[in-house]
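Notes follow the structure.
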Amino acid sequence: MANDDNWDDHEFITNAVILGAVVAVSELTYAAPPQRCWTSPLSGHKYITDLLRSNPNKSLLILRMDNHVFIDLCNELSTKYGLVASRKVGLRETVAIFVYIVAQGVSTRVVQDWFQHSGETISRLFHKVLESLILMSTDIIRPRDPQFLVTPRKIADSDKYYPFFKDCIGAIDDTHILAVVPPDERIPYIGWEGSAHDSRVFNHVVTNDHSNFPHPPAGKYYLVDAGYANQKGYLVPYKGQRYHLEVFRNGSEPSGPREAFNHAHSSLRSVIEHTFGVLKKKWLILS
């Protein structure tokens with residue numbers, strides 16, 4: 001009886017294997033032919049065309065800019081900074097792919113569905129626009145008044161700041177932005193082993209002749225917080241005194257001239273924190 005049971009088990013297993021092989025062959029033989037993934041009639045070109053013709057508020061929500069600003073950006077990148085359309089993707093659609101990613105902070109998979117292009121195409125177009133924008137940035141990210149001869153209105157129109165900060169030309173701070181770097185490209189982005197203090201990064205930038213850092217002219221200065229060294233051109237608050245605005249928001253007034261200076265210093269320097277907040281809210285990829 002035991003031998004018969006073993007034989008039955010062996011026969012069952014053999015039949016199961018054969019059946020499985022037949023099913024597998026059948027699936028390979030009769031499977032439907034592969035289909036293209038991006039076949040929606042709503043192409044990226046049509047989507048952008050409709051977007052630019054629709055309610056202007058829709059462009060503000062999707063692209064974070066007015067229609068005419070987007071069109072001007074496309075023209076600038078094309079005529080001055082070497083951005084060209086490809087055979088399959090037009091110029092406006094190329095720029096829209098980039099703007100949509102940085103404005104909405106979405107993954108390339110989402111953009112593939114919106115614009116009906118492969119991941120490789122989306123990535124390639126994104127980097128093309130990025131390269132042109134880097135070239136553009138060297139022309140537009142610079143002081144309107146290189147010698148800072150005019151005191152900013154925020155200071156000049158305030159009894160709290162003027163004339164005490166009449167030579168202040170700006171504020172410096174840092175912010176953290178999540179970045180994912182491919183393993184084979186990480187070394188150039190490390191800088192130093194381990195973590196680096198803010199002051200070390202700052203000193204490296206201001207002493208590097210190739211960083212293109214806008215140093216303050218003689219007699220002018222930036223406001224920096226206590227994490228940086230007090231040096232010519234960079235004014236820190238008094239140490240050992242209350243400084244941050246949150247400390248004074250409970251109704252307590254500054255005690256003495258040094259705390260009064262720190263309070264005004266912190267209030268004026270908060271413009272850089274507000275700027276970072278606006279940038280991260282407008283361009284969600286930075287978050």
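Letters A, B, ... mark the chains of the structure tokens in the order given; residue numbers begin at 1 per chain; ligand numbers begin at 1, in order shown.
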Would you list, as a PyMOL selection string, the residues of stretch 119-159 of chain A that end up in alpha helix (DSSP H) under DSSP run on this structure's backbone?
chain A and resi 119-140+153-156
Expected file contents, prior selection, C-alpha atoms, as a PDB file, in the first residue's frame:
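selection_1.pdb, written as the output of this step:
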```pdb
ATOM      1  CA  GLY A 119      11.053  58.461 -18.717  1.00  0.00           C
ATOM      2  CA  GLU A 120      14.232  58.791 -20.767  1.00  0.00           C
ATOM      3  CA  THR A 121      12.703  61.595 -22.828  1.00  0.00           C
ATOM      4  CA  ILE A 122      11.426  63.451 -19.763  1.00  0.00           C
ATOM      5  CA  SER A 123      14.822  63.243 -18.051  1.00  0.00           C
ATOM      6  CA  ARG A 124      16.711  64.374 -21.148  1.00  0.00           C
ATOM      7  CA  LEU A 125      14.422  67.361 -21.750  1.00  0.00           C
ATOM      8  CA  PHE A 126      14.560  68.365 -18.098  1.00  0.00           C
ATOM      9  CA  HIS A 127      18.354  68.554 -18.174  1.00  0.00           C
ATOM     10  CA  LYS A 128      18.339  70.483 -21.453  1.00  0.00           C
ATOM     11  CA  VAL A 129      16.212  73.230 -19.894  1.00  0.00           C
ATOM     12  CA  LEU A 130      18.253  73.144 -16.700  1.00  0.00           C
ATOM     13  CA  GLU A 131      21.489  73.737 -18.617  1.00  0.00           C
ATOM     14  CA  SER A 132      19.973  76.748 -20.373  1.00  0.00           C
ATOM     15  CA  LEU A 133      18.637  78.164 -17.118  1.00  0.00           C
ATOM     16  CA  ILE A 134      22.071  77.874 -15.504  1.00  0.00           C
ATOM     17  CA  LEU A 135      23.460  80.012 -18.315  1.00  0.00           C
ATOM     18  CA  MET A 136      20.599  82.459 -17.859  1.00  0.00           C
ATOM     19  CA  SER A 137      21.159  82.654 -14.103  1.00  0.00           C
ATOM     20  CA  THR A 138      24.594  84.233 -14.493  1.00  0.00           C
ATOM     21  CA  ASP A 139      22.942  87.164 -16.259  1.00  0.00           C
ATOM     22  CA  ILE A 140      19.929  87.745 -14.043  1.00  0.00           C
ATOM     23  CA  ARG A 153      13.507 101.285   0.978  1.00  0.00           C
ATOM     24  CA  LYS A 154      12.734  98.802   3.759  1.00  0.00           C
ATOM     25  CA  ILE A 155      15.571 100.405   5.723  1.00  0.00           C
ATOM     26  CA  ALA A 156      15.341 103.996   4.502  1.00  0.00           C
TER      27      ALA A 156
END
```
| said: Taking 6 positions as the minimum chain separation for residues in the same chain, which residues sit within 12 Å of A:Ser211 when counting only C-alpha atoms? Answer as a list in words. | reply: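 These residues fall inside the cut-off: Thr138, Val201, Phe202, Asn203, His204 and Val205 of chain A.
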Using only C-alpha atoms, the best pick from A:Thr79, A:Val99, A:Gly219, A:Arg92 as closest to A:Leu63 would be A:Val99
Which residue of A:Ala179, A:Ala96, A:Ala103, A:Val247 approaches A:Leu279 most closely, using only C-alpha atoms
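Checking each candidate against A:Leu279, we get A:Ala103 as the closest.
Taking atom CA of A:Thr275 as the reference point, atom CA of A:Phe213 is found at 18.6 Å.
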Residues at most 12 Å from A:Gly90, counting only C-alpha atoms, excluding those fewer than 2 positions away in the same chain, as a PyMOL selection string?
chain A and resi 43-46+48-49+74+78+83-88+92-97+115+125
task = as a PyMOL selection string, list the residues of stretch 139-278 of chain A assigned to strand (DSSP E) by DSSP on the backbone atoms of this structure.
result = chain A and resi 168-171+221-223+234-235
